[in-house]
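> Mind looking over this structure? Questions follow.
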4 protein chains.
Amino acid sequence: MSQRQSKSEEAGSRESERRHTILRAAIDVFARKGYHGCRIADVAREAGVAYGLVYHYFKNKDELLETVAATGWSGFVTRLRAVAEDETSSIEQKVHGIAEVAFEAYRVDPRAVKVLILEIARSPSGGHVVTRQQAFLDTIRMAADMFARAQAAGQLREELDPMLCASLLVGSIEMGLTAFVSGLMEDRSPEALERARTQISESFLRGVLPNAALQETSWKQDKTSSGTRPKAGKRA
Amino acid sequence: MSQRQSKSEEAGSRESERRHTILRAAIDVFARKGYHGCRIADVAREAGVAYGLVYHYFKNKDELLETVAATGWSGFVTRLRAVAEDETSSIEQKVHGIAEVAFEAYRVDPRAVKVLILEIARSPSGGHVVTRQQAFLDTIRMAADMFARAQAAGQLREELDPMLCASLLVGSIEMGLTAFVSGLMEDRSPEALERARTQISESFLRGVLPNAALQETSWKQDKTSSGTRPKAGKRA
Amino acid sequence: MSQRQSKSEEAGSRESERRHTILRAAIDVFARKGYHGCRIADVAREAGVAYGLVYHYFKNKDELLETVAATGWSGFVTRLRAVAEDETSSIEQKVHGIAEVAFEAYRVDPRAVKVLILEIARSPSGGHVVTRQQAFLDTIRMAADMFARAQAAGQLREELDPMLCASLLVGSIEMGLTAFVSGLMEDRSPEALERARTQISESFLRGVLPNAALQETSWKQDKTSSGTRPKAGKRA
Amino acid sequence: MSQRQSKSEEAGSRESERRHTILRAAIDVFARKGYHGCRIADVAREAGVAYGLVYHYFKNKDELLETVAATGWSGFVTRLRAVAEDETSSIEQKVHGIAEVAFEAYRVDPRAVKVLILEIARSPSGGHVVTRQQAFLDTIRMAADMFARAQAAGQLREELDPMLCASLLVGSIEMGLTAFVSGLMEDRSPEALERARTQISESFLRGVLPNAALQETSWKQDKTSSGTRPKAGKRA
DNA sequence: TATGAATGAGCCTTCATTCAT
DNA sequence: CATGAATGAAGGCTCATTCAT
């Protein structure tokens with residue numbers, strides 16, 4: 001019967017809807033109270049559903065938060081990977097692209113980023129929560145591979161350790177965003193964000209590119225346009 | 001980070017001895033199980049003292065952990081401040097000094113550093129635990145001041161935001177150490193640590209110093225002795 | 001114990017079919033997991049029906065289990081009563097008949113008997129579940145009446161308490177079956193069952209019949225054969 | 001210091017006292033509400049202690065109830081074993097002794113016996129609660145061994161199955177006690193108990209002993225004095 | 001009828017904190 | 001000072017029951 005069909009259609013979307021509502025609520029509470037401060041009751045209330053329904057969609061608290069992490073992380077990682085593994089672009093473009101992905105994520109959903117940065121990335125290392133730490137470390141490893149390839153191609157100073165480069169890039173971006181997340185940076189306007197993003201990637205690149213590359217590149221002079229203050233004659 | 005000064009000062013007193021034992025135990029458990037996984041019972045067992053004794057020396061769990069943080073942090077901050085506010089040294093020396101302080105702390109007591117980095121710095125922001133976050137942010141602000149002064153003196157590219165510079169330095173060092181703490185870096189020998197420290201400060205400086213300063217400095221060529229591979233003629 | 005009379009009567013109706021499916025499933029789960037371990041969800045899954053359907057046919061869990069008990073019990077009790085109140089047969093015949101009814105029930109549906117014996121007969125006495133206990137006790141009372149009548153007729157040693165006789169008979173049969181249900185008896189072949197049944201009723205009768213009655217009977221000497229009744233003209 | 005000594009002494013008895021209080025309370029609640037109806041909160045309230053204290057002495061609910069079972073059972077089983085394995089006594093004495101142990105236990109602590117009979121012996125067979133069932137079955141096996149030895153010595157009719165004999169004895173005693181526990185027997189005076197005990201063992205023995213043994217024994221005629229009604233000339 | 005999503009009370013368990021000795 | 005028994009609030013999870021479709 002057509003009724004059945006509509007029912008299943010409804011049910012499908014309905015289910016996803018509910019599940020998604022709960023997930024969103026979990027992200028919010030997670031962001032607000034942190035991993036351990038996040039009570040199922042809070043999530044349920046935030047989502048406007050009954051307590052038990054959470055357990056209808058998620059086996060237990062851990063799976064819920066794991067899903068929050070995975071969901072938030074996965075899209076992010078996918079985009080990062082696309083940038084890092086795009087073999088048509090230079091290392092400079094990739095670094096810029098990575099920073100852009102991170103900052104864009106923050107622009108779109110600062111709350112989720114806060115969760116990712118403050119909770120997931122650095123969550124209690126003890127126990128079965130390995131997945132989270134792992135996700136974060138995997139990201140660094142991916143970047144390390146990227147740098148290793150760049151180094152092989154002479155695009156990275158050869159005395160640098162690719163893994164460490166990756167850590168530094170990630171650490172810079174993360175702490176840069178933390179500066180916003182934590183309120184260290186007072187001006188959180190899109191322009192300020194843009195400026196920060198540029199400073200981060202340019203400073204980083206300056207630090208790790210071979211001198212030859214620095215000379216060749218024009219961004220030292222004019223890329224500044226896209227954010228940092230016009231400091232013409234900076235080097236001349 | 002792990003101080004022994006207070007210990008040496010009060011080593012004679014029984015009370016301090018016990019107190020210190022508990023504090024050490026707390027750091028260990030804290031490092032092993034994380035903030036929320038750390039139960040008073042664990043600390044007591046680790047310290048080999050009775051359950052209730054912890055409450056003789058610390059008002060409650062929070063104060064205990066606050067003390068762990070404060071103790072570990074204070075000496076560290078003191079030394080950082082000494083470096084950052086020493087007006088006789090250049091910004092390069094300061095940056096190198098800061099990295100050195102951090103890495104030395106890690107060399108002396110990796111466990112404590114792990115706690116500081118993974119738990120205290122990023123502990124649950126929600127609630128009364130502000131102190132910890134604050135401690136971390138204060139450190140960044142201190143570094144920001146340092147950079148601001150350097151910028152005023154023309155030692156830092158003027159288009160850079162000092163606060164962001166501070167964040168990047170701290171983020172780089174922190175993630176660099178995290179790479180060791182988390183096992184990302186397989187070689188944890190003193191030499192590897194030394195090499196990493198050098199790469200971090202040199203890359204950072206390269207990224208933020210004015211071009212003029214880069215040309216003048218000799219470390220680009222020969223500082224490499226202290227860690228990075230001899231890349232003579234790299235730029236010539 | 002497991003009735004098929006109601007089934008055959010209403011076999012045509014869809015409703016009854018479903019209802020019966022659920023009832024059977026309940027007996028199975030009940031037998032497998034016990035009273036409290038039996039969840040409605042389990043019953044539904046076992047029956048292959050939707051969760052809520054159980055509530056169409058049974059008001060609640062308790063009614064379901066009550067029905068399981070009643071259904072299983074009622075036919076059993078009916079048959080027992082027929083035996084116990086048949087005034088044309090001797091007490092020996094009645095005792096043999098009772099054991100036969102019980103063992104036949106076990107032969108037909110051991111699972112249901114297990115439920116009846118292990119769960120219903122001894123289910124939590126506390127609360128509204130009185131019905132079950134009651135059913136069991138009523139059976140004993142019925143047997144006690146039987147023995148009282150026999151005693152009045154001189155067929156039972158006069159110093160015996162009829163109620164206690166009833167308890168002993170029921171206890172013997174029940175524990176005898178338990179020995180099979182629980183796996184104490186390794187050989188569960190029809191022959192072994194038959195032998196056990198005979199041993200139970202004959203031992204019991206030996207214990208409670210007047211000596212005179214014992215002398216008359218031949219089974220004391222030759223019944224030893226194997227267990228089954230070659231006791232033609234047993235008493236006549 | 002002597003203070004320490006007295007302290008530890010106190011502590012020892014104090015601990016046992018509390019633990020015992022909780023155990024007693026558990027038995028009571030267990031007896032009143034059954035295995036699954038027994039909530040920790042009830043036990044704590046009954047014992048007059050705080051909720052959490054129960055967990056100080058018992059790992060969890062299961063261990064508590066397991067201990068209840070073990071404790072109640074162990075003394076009982078020990079005494080039964082002493083009787084069943086005393087090779088200086090005849091099978092008649094042993095059967096009488098077993099019934100006596102059971103009835104004495106009931107006289108001393110009817111509540112505990114109720115628990116043992118109604119809950120432990122027949123508790124939900126599903127799951128990790130095997131121990132209980134096992135304890136009960138072990139008792140039957142012990143009795144079966146006893147009967148097997150008696151049979152080998154010609155003290156038991158040779159056509160009987162020892163295991164079944166054991167089941168019948170245990171079943172008779174159990175249901176006999178159940179008759180009292182459940183209220184089926186209205187007169188619960190010590191004399192009534194005594195009478196019941198005698199009827200049970202004598203009827204049972206009559207049922208299983210060889211005819212020769214029956215003739216030899218005098219108890220058929222005069223043992224009746226110890227409980228059953230004076231039925232002189234019963235057989236003559 | 002039939003389905004299974006939704007609800008929420010109930011219960012076990014943990015653990016920070018207090019207190020008597 | 002030291003001990004560890006005692007307390008009880010908090011929170012995760014289960015599962016009987018209801019309800020909209």
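A note on labels: chains of the structure tokens are A, B, ... as shown, every chain counts residues from 1, and ligands are counted from 1 in their shown order.
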Show me which bits of chain C are within 9 Å of chain E, counting only C-alpha atoms (C1' of nucleotides), as an MDAnalysis selection string.
chainID C and resid 49:53 56
> Determine which residues of chain F sit within 10 Å of chain C, taking into account only C-alpha atoms (C1' of nucleotides), and present them as a PyMOL selection string.
chain F and resi 15-18
> Restrict the selected residues to all heavy atoms and save them as a compact mmCIF listing (two decimals), in the first residue's frame.

```txt
# COMPACT_ATOMS: atom_id res chain seq x y z
P DC F 15 17.08 -5.48 30.54
OP1 DC F 15 17.25 -6.66 31.39
OP2 DC F 15 17.51 -5.48 29.14
O5' DC F 15 15.55 -5.06 30.58
C5' DC F 15 15.02 -4.60 31.84
C4' DC F 15 13.64 -4.03 31.64
O4' DC F 15 13.74 -2.62 31.30
C3' DC F 15 12.86 -4.67 30.49
O3' DC F 15 11.51 -4.75 30.89
C2' DC F 15 13.02 -3.67 29.36
C1' DC F 15 12.96 -2.37 30.15
N1 DC F 15 13.52 -1.19 29.47
C2 DC F 15 13.08 0.08 29.85
O2 DC F 15 12.24 0.17 30.74
N3 DC F 15 13.59 1.17 29.23
C4 DC F 15 14.51 1.01 28.26
N4 DC F 15 14.99 2.10 27.69
C5 DC F 15 14.97 -0.29 27.87
C6 DC F 15 14.45 -1.35 28.50
P DA F 16 10.68 -6.04 30.51
OP1 DA F 16 11.18 -7.12 31.37
OP2 DA F 16 10.68 -6.23 29.04
O5' DA F 16 9.22 -5.65 30.99
C5' DA F 16 9.05 -5.26 32.34
C4' DA F 16 8.11 -4.06 32.44
O4' DA F 16 8.73 -2.91 31.81
C3' DA F 16 6.76 -4.24 31.75
O3' DA F 16 5.77 -3.64 32.55
C2' DA F 16 6.95 -3.53 30.42
C1' DA F 16 7.87 -2.39 30.81
N9 DA F 16 8.74 -1.91 29.73
C8 DA F 16 9.56 -2.66 28.94
N7 DA F 16 10.25 -1.96 28.07
C5 DA F 16 9.85 -0.66 28.30
C6 DA F 16 10.22 0.57 27.71
N6 DA F 16 11.10 0.68 26.71
N1 DA F 16 9.63 1.69 28.18
C2 DA F 16 8.76 1.58 29.19
N3 DA F 16 8.33 0.50 29.82
C4 DA F 16 8.93 -0.61 29.33
P DT F 17 4.26 -3.89 32.15
OP1 DT F 17 3.49 -3.82 33.41
OP2 DT F 17 4.16 -5.07 31.29
O5' DT F 17 3.93 -2.59 31.31
C5' DT F 17 4.09 -1.31 31.92
C4' DT F 17 3.87 -0.22 30.90
O4' DT F 17 5.00 -0.13 30.00
C3' DT F 17 2.63 -0.37 30.00
O3' DT F 17 1.85 0.80 30.17
C2' DT F 17 3.19 -0.47 28.60
C1' DT F 17 4.50 0.29 28.75
N1 DT F 17 5.53 -0.02 27.74
C2 DT F 17 6.08 1.03 27.05
O2 DT F 17 5.76 2.20 27.21
N3 DT F 17 7.05 0.67 26.13
C4 DT F 17 7.50 -0.60 25.85
O4 DT F 17 8.36 -0.79 25.00
C5 DT F 17 6.87 -1.65 26.61
C7 DT F 17 7.28 -3.08 26.38
C6 DT F 17 5.94 -1.31 27.51
P DT F 18 0.42 0.90 29.55
OP1 DT F 18 -0.47 1.25 30.66
OP2 DT F 18 0.16 -0.28 28.70
O5' DT F 18 0.57 2.18 28.60
C5' DT F 18 1.34 3.28 29.06
C4' DT F 18 1.65 4.21 27.90
O4' DT F 18 2.69 3.64 27.06
C3' DT F 18 0.47 4.50 26.97
O3' DT F 18 0.48 5.89 26.69
C2' DT F 18 0.78 3.66 25.73
C1' DT F 18 2.29 3.75 25.71
N1 DT F 18 3.00 2.67 24.98
C2 DT F 18 3.93 3.02 24.04
O2 DT F 18 4.19 4.17 23.75
N3 DT F 18 4.55 1.96 23.41
C4 DT F 18 4.35 0.62 23.65
O4 DT F 18 4.98 -0.22 23.03
C5 DT F 18 3.37 0.32 24.66
C7 DT F 18 3.07 -1.10 24.99
C6 DT F 18 2.75 1.33 25.26
```
> Find the distance between CA of Leu168 in chain B and CA of Ser172 in chain A and write it in Å to one decimal.
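Between CA of Leu168 in chain B and CA of Ser172 in chain A the gap works out to 4.6 Å.
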> Rounded to one decimal place, report the CA of Leu64 in chain D-CA of Asp138 in chain D distance in Å.
21.3 Å
> Nearest to Ala26 in chain A: which of A:Gly176, A:Gly75, A:Gly207, A:Gly48 is it, counting only C-alpha atoms?
A:Gly48
> Mind the document's chain letters and residue numbers, and return as a ChimeraX atom specification the residues of range 21-215 of chain C that DSSP labels helix (DSSP H, G or I).
/C:21-37,40-47,51-57,61-84,91-108,110-120,130-152,162-181,190-208,211-215
> Please, what distance in Å, to one decimal, runs between CA of Val54 in chain C and CA of His20 in chain C?
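Distance between the two atoms: 10.9 Å.
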